[in-house]
Each structure stands twice: as C-alpha cells, then as structure tokens.
>>> print(open('query_2.tsv').read())   # TSV, C-alpha atoms
chain	number	residue	atom	x	y	z
A	614	MET	CA	-10.26	-6.25	4.36
A	615	ASP	CA	-6.80	-5.04	3.40
A	616	GLU	CA	-4.38	-7.29	5.26
A	617	ASP	CA	-1.34	-6.24	3.25
A	618	HIS	CA	-2.19	-2.53	3.11
A	619	LEU	CA	-2.63	-2.50	-0.67
A	620	LEU	CA	-4.40	0.88	-0.52
A	621	THR	CA	-1.44	2.51	1.25
A	622	GLU	CA	0.66	1.64	-1.80
A	623	LEU	CA	-1.86	2.55	-4.49
A	624	PHE	CA	-3.00	5.86	-2.99
A	625	ALA	CA	0.00	6.77	-0.75
A	626	ILE	CA	-2.17	6.55	2.36
A	627	SER	CA	-0.20	7.08	5.57
A	628	ASN	CA	-2.90	7.37	8.25
A	629	VAL	CA	-6.46	6.31	8.92
A	630	PRO	CA	-9.17	7.27	8.59
A	631	SER	CA	-8.39	8.58	5.11
A	632	VAL	CA	-11.24	9.36	2.75
A	633	ILE	CA	-10.85	9.76	-1.02
A	634	TRP	CA	-13.62	10.97	-3.30
A	635	ILE	CA	-13.83	9.24	-6.69
A	636	ASP	CA	-16.18	10.50	-9.38
A	637	GLU	CA	-18.31	8.72	-11.99
A	638	ASN	CA	-15.39	8.66	-14.44
A	639	GLY	CA	-12.99	7.01	-12.04
A	640	MET	CA	-11.09	10.23	-11.36
A	641	ILE	CA	-10.05	11.34	-7.88
A	642	ALA	CA	-12.23	14.37	-7.18
A	643	ARG	CA	-10.78	15.05	-3.72
A	644	PRO	CA	-7.58	13.36	-2.54
A	645	ALA	CA	-6.97	11.70	0.81
A	646	ALA	CA	-8.11	13.63	3.85
A	647	ALA	CA	-8.57	12.64	7.48
A	648	GLU	CA	-12.35	12.50	7.92
A	649	PHE	CA	-14.44	10.84	10.58
A	650	GLY	CA	-17.85	9.19	10.70
A	651	THR	CA	-18.52	10.52	14.21
A	652	ASP	CA	-17.40	13.45	16.36
A	653	THR	CA	-15.85	11.15	18.97
A	654	PHE	CA	-12.37	12.57	18.32
A	655	THR	CA	-13.29	16.12	17.33
A	656	GLU	CA	-11.86	17.58	20.53
A	657	ILE	CA	-8.45	16.06	19.71
A	658	THR	CA	-8.44	16.41	15.95
A	659	GLY	CA	-10.49	19.55	15.43
A	660	ILE	CA	-12.19	17.79	12.52
A	661	SER	CA	-15.96	17.96	12.27
A	662	ARG	CA	-17.95	15.03	10.93
A	663	GLU	CA	-20.81	17.26	9.80
A	664	LYS	CA	-18.63	19.61	7.78
A	665	HIS	CA	-17.36	16.70	5.70
A	666	MET	CA	-20.81	15.18	5.30
A	667	GLN	CA	-22.21	18.49	4.05
A	668	GLN	CA	-19.31	18.75	1.57
A	669	VAL	CA	-20.16	15.25	0.35
A	670	ARG	CA	-23.83	16.17	-0.06
A	671	ASP	CA	-22.87	19.29	-2.02
A	672	TRP	CA	-20.63	17.21	-4.28
A	673	VAL	CA	-23.27	14.55	-4.87
A	674	HIS	CA	-26.22	16.91	-5.41
A	675	GLU	CA	-24.56	19.90	-7.03
A	676	GLY	CA	-21.17	18.67	-8.21
A	677	SER	CA	-19.39	21.35	-6.18
A	678	LEU	CA	-15.99	20.64	-4.68
A	679	PRO	CA	-14.34	22.25	-1.65
A	680	ASP	CA	-11.28	24.42	-2.32
A	681	ASP	CA	-8.96	21.85	-0.76
A	682	ALA	CA	-9.94	19.26	-3.40
A	683	SER	CA	-7.20	20.61	-5.66
A	684	TYR	CA	-4.50	19.76	-3.10
A	685	SER	CA	-1.68	17.69	-4.59
A	686	VAL	CA	-0.69	14.76	-2.38
A	687	PRO	CA	3.07	14.09	-2.42
A	688	ASP	CA	4.28	10.66	-3.47
A	689	LEU	CA	5.79	8.19	-1.04
A	690	SER	CA	9.49	8.55	-0.38
A	691	GLU	CA	11.82	5.64	-1.11
A	692	GLU	CA	11.96	4.95	2.64
A	693	GLU	CA	8.16	4.83	2.81
A	694	VAL	CA	8.03	2.45	-0.16
A	695	GLN	CA	10.59	0.21	1.51
A	696	ALA	CA	8.71	0.40	4.81
A	697	ARG	CA	5.60	-0.94	3.08
A	698	LEU	CA	7.57	-3.87	1.65
A	699	HIS	CA	8.91	-4.66	5.12
A	700	PHE	CA	5.42	-4.41	6.63
A	701	LYS	CA	4.08	-6.77	3.95
A	702	ALA	CA	6.85	-9.25	4.78
A	703	ALA	CA	6.18	-8.94	8.51
A	704	ALA	CA	2.43	-9.42	8.13
A	705	TYR	CA	2.97	-12.52	5.97
A	706	LEU	CA	5.53	-14.06	8.34
A	707	ARG	CA	3.25	-13.38	11.32
A	708	ARG	CA	0.33	-15.09	9.56
A	709	GLU	CA	2.63	-18.05	8.97
A	710	GLY	CA	3.46	-18.18	12.70
A	711	ARG	CA	7.06	-17.10	12.09
A	712	ILE	CA	6.89	-14.51	14.84
A	713	GLU	CA	10.59	-13.90	15.48
A	714	GLU	CA	11.27	-13.35	11.79
A	715	ALA	CA	8.21	-11.09	11.58
A	716	GLU	CA	9.51	-8.96	14.44
A	717	VAL	CA	12.70	-8.18	12.53
A	718	TYR	CA	10.64	-6.87	9.62
A	719	PHE	CA	8.25	-4.91	11.85
A	720	ASP	CA	11.27	-3.21	13.46
A	721	LYS	CA	12.82	-2.34	10.12
A	722	ALA	CA	9.51	-1.01	8.75
A	723	ALA	CA	9.12	1.27	11.78
A	724	GLU	CA	12.71	2.42	11.42
A	725	LEU	CA	12.10	3.38	7.78
A	726	ALA	CA	8.82	5.21	8.39
A	727	PRO	CA	8.71	6.09	12.10
A	728	LEU	CA	5.74	8.48	11.86
A	729	ASP	CA	3.58	6.53	9.43
A	730	PHE	CA	0.50	5.32	11.26
A	731	THR	CA	-0.24	2.61	8.69
A	732	ILE	CA	3.14	1.12	9.59
A	733	VAL	CA	3.85	1.86	13.24
A	734	ARG	CA	0.41	2.09	14.78
A	735	ALA	CA	-0.96	-0.70	12.59
A	736	SER	CA	1.79	-3.02	13.80
A	737	MET	CA	1.01	-2.40	17.48
A	738	PRO	CA	-1.91	-4.86	17.81
A	739	LEU	CA	-0.06	-7.36	15.60
A	740	ARG	CA	2.87	-7.28	18.04
A	741	GLY	CA	0.83	-7.55	21.22
A	742	GLY	CA	0.74	-3.80	21.81
A	743	ASP	CA	-2.16	-1.46	22.39
A	744	PRO	CA	-3.00	0.97	19.55
A	745	PHE	CA	-4.67	3.20	22.16
A	746	GLY	CA	-1.99	2.68	24.81
A	747	GLU	CA	1.10	4.49	25.99
A	748	GLU	CA	3.15	3.67	22.90
A	749	PHE	CA	0.46	5.17	20.69
A	750	PHE	CA	0.40	8.44	22.64
A	751	LYS	CA	4.19	8.58	22.42
A	752	LEU	CA	3.93	8.13	18.65
A	753	TYR	CA	1.19	10.78	18.45
A	754	GLU	CA	3.35	13.25	20.37
A	755	GLU	CA	6.30	12.65	18.06
A	756	PHE	CA	3.98	12.96	15.06
A	757	GLN	CA	2.71	16.35	16.25
A	758	GLU	CA	6.20	17.59	17.10
A	759	ALA	CA	7.23	16.74	13.52
A	760	GLY	CA	4.40	18.90	12.13
A	761	SER	CA	1.88	16.07	11.61
A	762	PRO	CA	3.33	14.73	8.33
A	763	PHE	CA	0.54	13.15	6.32
A	764	HIS	CA	0.00	12.10	2.71
A	765	GLY	CA	-3.23	14.00	2.37
A	766	ILE	CA	-4.92	17.35	2.71
A	767	PRO	CA	-3.25	19.12	5.64
A	768	ARG	CA	-5.53	19.48	8.62
A	769	ALA	CA	-5.07	23.24	8.81
A	770	LYS	CA	-6.69	23.56	5.39
A	771	GLN	CA	-9.84	21.86	6.64
A	772	ALA	CA	-10.56	24.37	9.38
B	788	MET	CA	26.80	-19.71	-4.75
B	789	THR	CA	23.54	-21.26	-6.04
B	790	THR	CA	20.93	-22.83	-3.77
B	791	THR	CA	17.80	-24.47	-5.15
B	792	SER	CA	14.80	-23.90	-2.95
B	793	GLU	CA	11.23	-22.78	-2.60
B	794	ILE	CA	10.79	-19.04	-2.97
B	795	THR	CA	7.64	-17.35	-1.67
B	796	VAL	CA	6.79	-14.35	-3.81
B	797	LEU	CA	4.54	-11.82	-2.09
B	798	ALA	CA	3.21	-9.84	-5.02
B	799	ASP	CA	-0.56	-9.57	-5.38
B	800	LYS	CA	-0.94	-12.73	-3.29
B	801	PRO	CA	1.59	-15.18	-1.80
B	802	ILE	CA	2.82	-17.70	-4.38
B	803	ASP	CA	5.29	-20.47	-3.66
B	804	SER	CA	7.69	-21.05	-6.54
B	805	LYS	CA	10.55	-23.39	-7.28
B	806	GLY	CA	13.64	-21.36	-7.96
B	807	SER	CA	17.12	-20.73	-6.76
B	808	TRP	CA	19.17	-18.17	-4.89
B	809	VAL	CA	22.32	-17.02	-6.63
B	810	ASP	CA	24.62	-14.91	-4.48
B	811	GLY	CA	21.64	-13.81	-2.42
B	812	ALA	CA	19.38	-12.94	-5.37
B	813	PRO	CA	16.22	-14.94	-6.24
B	814	TYR	CA	16.03	-16.54	-9.68
B	815	LEU	CA	12.92	-18.06	-11.26
B	816	PRO	CA	12.21	-19.83	-14.55
B	817	SER	CA	10.12	-17.99	-17.17
B	818	SER	CA	6.91	-19.84	-16.32
B	819	GLU	CA	7.16	-18.75	-12.69
B	820	ILE	CA	7.83	-15.15	-13.66
B	821	GLU	CA	4.51	-15.09	-15.49
B	822	ARG	CA	2.70	-16.87	-12.64
B	823	THR	CA	3.97	-14.49	-9.99
B	824	LEU	CA	4.11	-11.16	-11.83
B	825	GLY	CA	1.79	-11.60	-14.80
B	826	TRP	CA	4.48	-10.67	-17.33
B	827	GLU	CA	5.48	-13.18	-20.00
B	828	LEU	CA	9.05	-13.56	-21.18
B	829	LYS	CA	9.16	-13.57	-24.99
B	830	PRO	CA	12.03	-13.17	-27.46
B	831	GLU	CA	11.15	-9.43	-27.73
B	832	GLY	CA	11.26	-8.95	-23.98
B	833	LEU	CA	8.97	-8.90	-20.99
B	834	CYS	CA	5.40	-8.69	-22.28
B	835	LYS	CA	1.93	-8.06	-20.93
B	836	GLY	CA	-0.92	-7.48	-23.35
B	837	ASP	CA	0.37	-5.26	-26.13
B	838	ALA	CA	3.24	-3.89	-24.06
B	839	CYS	CA	6.74	-5.32	-24.25
B	840	ILE	CA	9.83	-4.12	-22.39
B	841	PRO	CA	13.18	-5.17	-23.88
B	842	LEU	CA	15.36	-6.85	-21.29
B	843	GLY	CA	18.61	-5.49	-22.71
B	844	ASP	CA	21.30	-6.08	-20.13
B	845	LYS	CA	19.03	-5.14	-17.24
B	846	VAL	CA	18.09	-8.71	-16.30
B	847	HIS	CA	20.62	-11.42	-15.58
B	848	THR	CA	19.74	-14.89	-16.85
B	849	THR	CA	21.55	-18.02	-15.72
B	850	THR	CA	22.80	-20.72	-18.05
B	851	ASP	CA	19.89	-22.93	-16.98
B	852	GLY	CA	17.39	-20.28	-18.07
B	853	THR	CA	16.31	-18.73	-14.79
B	854	HIS	CA	16.00	-14.97	-14.35
B	855	ASN	CA	16.82	-12.51	-11.62
B	856	LEU	CA	13.42	-11.75	-10.08
B	857	VAL	CA	14.46	-8.49	-8.39
B	858	GLN	CA	15.73	-7.08	-11.67
B	859	ILE	CA	12.55	-8.15	-13.48
B	860	ALA	CA	10.32	-6.57	-10.82
B	861	ASN	CA	12.30	-3.35	-11.02
B	862	LEU	CA	12.09	-3.38	-14.81
B	863	VAL	CA	8.28	-3.31	-14.61
B	864	GLY	CA	8.39	-0.56	-11.98
B	865	ARG	CA	7.70	-2.66	-8.92
B	866	PRO	CA	9.85	-2.24	-5.80
B	867	CYS	CA	11.18	-5.48	-4.42
B	868	LEU	CA	12.94	-6.97	-1.42
B	869	ALA	CA	14.66	-10.32	-1.35
B	870	ASP	CA	15.64	-12.26	1.73
B	871	GLU	CA	17.30	-15.63	1.27
B	872	ALA	CA	17.21	-16.35	5.02
B	873	THR	CA	13.39	-16.28	5.15
B	874	GLY	CA	12.91	-17.34	1.51
B	875	ILE	CA	10.46	-14.53	0.80
B	876	VAL	CA	10.39	-11.85	-1.89
B	877	PRO	CA	7.90	-9.05	-1.15
B	878	ILE	CA	7.03	-7.04	-4.27
B	879	GLY	CA	5.23	-3.71	-4.13
B	880	GLN	CA	2.65	-2.15	-6.42
B	881	PRO	CA	3.86	-0.48	-9.65
B	882	SER	CA	5.08	3.03	-8.87
B	883	ASN	CA	3.52	4.43	-12.06
B	884	ILE	CA	0.03	3.45	-10.92
B	885	ARG	CA	0.46	5.47	-7.72
B	886	ALA	CA	1.99	8.36	-9.70
B	887	ASP	CA	-1.04	8.37	-12.01
B	888	ALA	CA	-3.32	8.47	-8.96
B	889	LEU	CA	-1.45	11.37	-7.36
B	890	LYS	CA	-0.60	13.43	-10.44
B	891	GLN	CA	-3.20	12.52	-13.07
B	892	ARG	CA	-5.88	11.74	-10.48
B	893	ILE	CA	-6.71	8.40	-12.09
B	894	ALA	CA	-8.14	6.17	-9.36
B	895	PRO	CA	-6.48	2.76	-9.68
B	896	ASN	CA	-8.85	-0.18	-9.68
B	897	PHE	CA	-8.27	-2.82	-7.02
B	898	SER	CA	-9.96	-5.86	-5.52
B	899	LEU	CA	-10.12	-6.71	-1.84
B	900	PRO	CA	-12.24	-9.24	0.06
B	901	ASP	CA	-15.19	-7.94	2.05
B	902	ILE	CA	-15.87	-9.14	5.59
B	903	SER	CA	-17.46	-12.33	4.15
B	904	GLY	CA	-14.41	-13.07	2.01
B	905	VAL	CA	-16.07	-12.06	-1.27
B	906	ASP	CA	-13.79	-10.02	-3.54
B	907	ARG	CA	-15.07	-6.51	-4.22
B	908	SER	CA	-13.55	-4.16	-6.78
B	909	LEU	CA	-13.68	-0.41	-7.05
B	910	SER	CA	-14.96	-0.96	-10.60
B	911	ASP	CA	-18.02	-2.78	-9.23
B	912	TRP	CA	-19.44	0.71	-8.70
B	913	ALA	CA	-18.19	2.21	-11.98
B	914	GLY	CA	-20.25	5.14	-13.21
B	915	LYS	CA	-21.16	6.24	-9.68
B	916	LYS	CA	-19.64	8.67	-7.22
B	917	ARG	CA	-17.67	6.71	-4.62
B	918	LEU	CA	-16.17	7.45	-1.21
B	919	LEU	CA	-13.13	5.30	-0.54
B	920	VAL	CA	-12.78	5.14	3.25
B	921	ALA	CA	-9.63	3.54	4.65
B	922	PHE	CA	-9.91	2.91	8.37
B	923	SER	CA	-8.88	0.44	11.02
B	924	SER	CA	-10.96	-1.61	13.43
B	925	TRP	CA	-8.68	-0.87	16.39
>>> encode(input="query_2.tsv", output="structure tokens")
Amino acid sequence: MDEDHLLTELFAISNVPSVIWIDENGMIARPAAAEFGTDTFTEITGISREKHMQQVRDWVHEGSLPDDASYSVPDLSEEEVQARLHFKAAAYLRREGRIEEAEVYFDKAAELAPLDFTIVRASMPLRGGDPFGEEFFKLYEEFQEAGSPFHGIPRAKQA
Amino acid sequence: MTTTSEITVLADKPIDSKGSWVDGAPYLPSSEIERTLGWELKPEGLCKGDACIPLGDKVHTTTDGTHNLVQIANLVGRPCLADEATGIVPIGQPSNIRADALKQRIAPNFSLPDISGVDRSLSDWAGKKRLLVAFSSW
C-alpha cells in the first residue's frame, strides 16, 4: 500500500499499471512500461497481456531481454516533482479530515501535472469523483491529444 | 516575524515537531532535524554515516540555534514545500536516488506496508528476479 505515492517519486512513475523488471543484482533490467494482468483493456490500449508474460518467461528462463528494455526513461520535471509534493500534502490533510485545505493542494497538484494519472486520476476517488467516470474520459482524451506523455516505454514500441 | 508552533514534517512518515516559523520559513532545532530527516548536525556539517555536507552559508541558523528546514532539505537533495497556514512541510525523496534509478539503473530499496500492515521491502527478495507492479485498486 503506497498511500503517499512513494514509488512515483523513486521510479518517476506517472501512470498505472506500470511494471518494472529488477534483476538478481538489484538493477533495473527493463524500465517502467504499461503492462496488464488481463486483456480486459486490450481493445483500448492495444497492449497484450500474453506478450508481456512471454517476455517475462524468456527473461526468467533464458535471461533474454526485449529490445525496448534499453529505453531510457526521462526524469520528472520540476513541475512534476512539485506536483508530487502537493499531492502528498493533500493526501495527508485529507487523512486528517482537513478537507478544504486538502482541496487546495489537490487543485495545485493537478495544475502542475495535468496529464499525470498518478496525480489527477488518483485524486478523483479521494475527492468524491469517479476514476472511471466522465472526468476520467475527459482526462484520457486530453492525454491522447498530447501524445500520451508517459514516464516509461512508449506504447508504440511495444507493438 | 517569528511564531513558535507545531510543525508537521511529511518526509518518510508524518512527524510532529516543535519549531518556529520565521518570515514564512520553518525552523527546527538540531535534534528535530535528525528525527525528521535522518541527518545529524555536527561541527563539520550535516552528516549521515560517513558522509558530511558542509553547511557553508547555505543554511540560515537563528540566534536560538534553530535551522531553516527548507534549506537543509534542499542541501541533501530533497525537494520541499512549506506552508505556515497549514503547518505542514512535505519533503520529497532525494533526487539523486531517482537519477540513479533512471540513469544508472540502480533499483532503490524501499519499504511499504502490505495489505495486512506489515512492512515489506524490495530487499526482502534480494538475489531474485523481481517484477515491481504499481497499480491502483480503482
């Protein structure tokens, strides 16, 4: 359970699901990529569960890595770092029942990183919204129009 | 203007500290700096293990011996916000740890509670291949 989104800071994660492969020596063998445990969303995402699972089997049994494993994930921008601080503040204030103060921080976090799902979509259920509702689909549309910015292996490279 | 009050530092976990706000900046005594950030203030500077960072003129210290927390966090590479109105100081993870993960591919160790509240660390499975899966329950 990652209430404060620690992993988004340590690994520059900006959407979920994100899967990172880590080898026996504690090195990142394949950086963050959007991968799914089922094919429920394959029609929307174009991402196959089985392809990833076979790549994992090949890595485990043979040590082979897919070509995209060498992809270099860009670091967070200053705005994205600040957005995470604001989200952390908002989540804490909300847990303390300080809802109005939390709302100010949620707003600022979303303003700083408007297309970051770990900020904007993650705050929806915390603010009484629906992460599968109209506001999510509006966010998803804006995300796609912006070229699907993501701190991880670009989807096109997984095809 | 100086206001003595409780300051909640949100670093690795929320910690309430006794400190003061000076012109909108949070100030804590040395003991609280170590409790909240894990760095000890020594004559040679800010120290953790064998590493020491000289303070130079980068950290303002008041006449009563309290230190500017934002400046100290920044000195150890941690981004920081300070809000006197809410009394909280969120502090982010060290930027060099993320840089090492992205550029050197060194997976940073971390601990998080599992669904039963038991802390689990990445290092619990050291020596094995691991899949780190970040997802949401929504």
>>> interface_residues(input="query_2.tsv", of="chain B", to="chain A", cutoff="9 Å", atoms="all atoms listed in the file", output="ChimeraX atom specification")
/B:797,799,801,866-868,873,875-882,884-886,888-897,899-902,904,909-910,912-923,925
>>> atom_distance(input="query_2.tsv", atom1="CA of Ala872 (chain B)", atom2="CA of Ser627 (chain A)")
29.2 Å
>>> residues_near_point(input="query_2.tsv", point="(14.7, -8.8, -15.9)", cutoff="7 Å", atoms="only C-alpha atoms", output="list of chain:residue names")
B:Leu842, B:Lys845, B:Val846, B:His847, B:His854, B:Asn855, B:Leu856, B:Gln858, B:Ile859, B:Leu862
>>> atom_distance(input="query_2.tsv", atom1="CA of Leu752 (chain A)", atom2="CA of Leu728 (chain A)")
7.0 Å
>>> closest_residue(input="query_2.tsv", among="A:Glu709, A:Glu747, A:Glu693, A:Glu663", to="Glu724 (chain A)", atoms="all atoms listed in the file")
A:Glu693
